[in-house]
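The structure appears below as structure tokens.
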Amino acid sequence: MQLGSTAFALWIDALSFLISSVSFFLLPPLSDEHAENDEPQDHGGAWNRLRSDWIEAKQFLTENWLFTSLFIATAASQVFGQAADSQEVIFAEKALHLGRFGYGMMCVAAGLGFLLGSLVLSVFAKRLSTKFLLACGSILGGIGYFIYALAQGFWQAVIGLVMMGVFVTAENVGFTTYMRKRQTQDTLKVGHSSSL
């Protein structure tokens with residue numbers, strides 16, 4: 001049973017992106033308390049600033065190889081995951097012999113997995129280390145994806161998608177937490193060195 005047309009779903013999706021982008025204008029302005037202590041801005045032009053940013057980023061990435069390898073691995077898994085998402089409809093129709101309703105239910109199963117993962121993490125987040133979230137999330141999320149990819153029927157696909165949703169959520173939370181901790185450490189180092 002289809003409740004609306006494809007065009008309607010695309011318009012709703014586009015409208016949600018538009019509302020999200022407009023909502024940025026409603027955010028409060030950034031605090032200028034650090035602006036007085038900062039060095040004066042480089043007025044050499046946008047290209048010079050862009051070049052200096054790339055040089056600074058390259059230096060940071062070469063000095064922090066663990067962060068770099070983690071960032072590349074996470075980005076690659078997300079790119080490959082997005083590429084595989086484009087094939088889900090074909091997989092559902094050709095391999096699992098599901099119609100639109102079955103494919104819709106598979107999308108609901110993935111959403112339930114993400115929701116369940118979020119609920120579990122909201123309860124146990126303080127008891128789980130960032131390393132555990134990253135390791136278990138990526139390994140078990142990958143296993144969930146393999147279960148889905150090798151599924152012979154609807155319920156196997158649903159189990160794989162729910163498992164993938166739960167553990168990909170854990171991986172994303174672990175990665176975000178790692179990035180936040182890293183940013184905090186870098187901010188403290190800069191603050192400490194400027195106070196000397």
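To be explicit about the labels: the chains of the structure tokens are called A, B, and onward in the order shown, and within each one the residues are counted from 1, while ligands get numbers from 1 in the order they are shown.
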
Contacts of Ala92 (chain A) within 9 Å, only C-alpha atoms, excl. fewer than 6 positions in-chain, as a PyMOL selection string
chain A and resi 98-100+102-103+106+154

Go ahead and save the residues from that selection, with C-alpha atoms, as a PDB file, in the first residue's frame.
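Now in result_15.pdb:
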ATOM      1  CA  LEU A  98      10.011  -7.730  -2.345  1.00  0.00           C
ATOM      2  CA  GLY A  99       7.727  -5.023  -3.617  1.00  0.00           C
ATOM      3  CA  ARG A 100       7.589  -1.411  -2.553  1.00  0.00           C
ATOM      4  CA  GLY A 102       8.618  -4.796   1.621  1.00  0.00           C
ATOM      5  CA  TYR A 103      11.337  -2.294   0.791  1.00  0.00           C
ATOM      6  CA  MET A 106      13.207  -2.728   5.398  1.00  0.00           C
ATOM      7  CA  PHE A 154      12.771 -10.582   4.348  1.00  0.00           C
TER       8      PHE A 154
END

Got a sec to tell me which of region 20-98 of chain A DSSP assigns to helix (DSSP H, G or I), as an MDAnalysis selection string?
chainID A and resid 20:26 46:63 65:85 88:95

Output of the above residues as an mmCIF file, in the first residue's frame, restricted to C-alpha atoms:
data_model
loop_
_atom_site.group_PDB
_atom_site.id
_atom_site.type_symbol
_atom_site.label_atom_id
_atom_site.label_comp_id
_atom_site.auth_asym_id
_atom_site.auth_seq_id
_atom_site.Cartn_x
_atom_site.Cartn_y
_atom_site.Cartn_z
ATOM 1 C CA SER A 20 16.971 22.977 8.233
ATOM 2 C CA SER A 21 19.119 25.453 6.319
ATOM 3 C CA VAL A 22 16.880 28.422 7.188
ATOM 4 C CA SER A 23 16.976 27.408 10.865
ATOM 5 C CA PHE A 24 20.705 28.253 10.935
ATOM 6 C CA PHE A 25 19.734 31.923 10.719
ATOM 7 C CA LEU A 26 17.879 31.519 14.015
ATOM 8 C CA ALA A 46 40.750 34.161 0.264
ATOM 9 C CA TRP A 47 43.224 32.085 -1.742
ATOM 10 C CA ASN A 48 46.094 32.809 0.660
ATOM 11 C CA ARG A 49 43.894 31.885 3.610
ATOM 12 C CA LEU A 50 42.770 28.701 1.869
ATOM 13 C CA ARG A 51 46.387 27.758 1.111
ATOM 14 C CA SER A 52 47.484 28.384 4.689
ATOM 15 C CA ASP A 53 44.536 26.306 5.970
ATOM 16 C CA TRP A 54 45.558 23.372 3.760
ATOM 17 C CA ILE A 55 49.168 23.634 4.939
ATOM 18 C CA GLU A 56 48.029 23.697 8.570
ATOM 19 C CA ALA A 57 45.691 20.731 8.005
ATOM 20 C CA LYS A 58 48.453 18.722 6.292
ATOM 21 C CA GLN A 59 50.816 19.411 9.177
ATOM 22 C CA PHE A 60 48.187 18.363 11.730
ATOM 23 C CA LEU A 61 47.335 15.153 9.828
ATOM 24 C CA THR A 62 50.978 14.105 9.469
ATOM 25 C CA GLU A 63 51.695 14.753 13.158
ATOM 26 C CA TRP A 65 48.671 9.593 12.411
ATOM 27 C CA LEU A 66 46.198 7.782 14.701
ATOM 28 C CA PHE A 67 43.583 10.472 14.205
ATOM 29 C CA THR A 68 44.285 10.537 10.455
ATOM 30 C CA SER A 69 43.899 6.779 10.024
ATOM 31 C CA LEU A 70 40.705 6.741 12.114
ATOM 32 C CA PHE A 71 39.280 9.663 10.151
ATOM 33 C CA ILE A 72 40.092 8.060 6.767
ATOM 34 C CA ALA A 73 38.644 4.680 7.810
ATOM 35 C CA THR A 74 35.419 6.268 9.076
ATOM 36 C CA ALA A 75 35.041 8.476 6.015
ATOM 37 C CA ALA A 76 35.679 5.532 3.677
ATOM 38 C CA SER A 77 33.099 3.362 5.426
ATOM 39 C CA GLN A 78 30.526 6.143 5.145
ATOM 40 C CA VAL A 79 31.255 6.687 1.443
ATOM 41 C CA PHE A 80 31.005 2.968 0.682
ATOM 42 C CA GLY A 81 27.848 2.721 2.788
ATOM 43 C CA GLN A 82 26.232 5.565 0.853
ATOM 44 C CA ALA A 83 27.230 3.928 -2.436
ATOM 45 C CA ALA A 84 25.658 0.647 -1.302
ATOM 46 C CA ASP A 85 22.466 2.457 -0.245
ATOM 47 C CA GLU A 88 19.093 -1.318 -1.890
ATOM 48 C CA VAL A 89 15.950 -0.987 -3.996
ATOM 49 C CA ILE A 90 17.379 -3.262 -6.687
ATOM 50 C CA PHE A 91 18.534 -5.750 -4.045
ATOM 51 C CA ALA A 92 15.102 -5.767 -2.405
ATOM 52 C CA GLU A 93 13.298 -6.309 -5.692
ATOM 53 C CA LYS A 94 15.661 -8.672 -7.535
ATOM 54 C CA ALA A 95 17.278 -10.727 -4.751
#

Rounded to one decimal place, report the CA of Phe114 (chain A)-CA of Ser86 (chain A) distance in Å.
18.8 Å

Calculated over only C-alpha atoms, which of the candidates A:Leu150, A:Ala170, A:Val162, A:Val120 has the smallest distance to Phe132 (chain A)?
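Closest candidate: A:Ala170.
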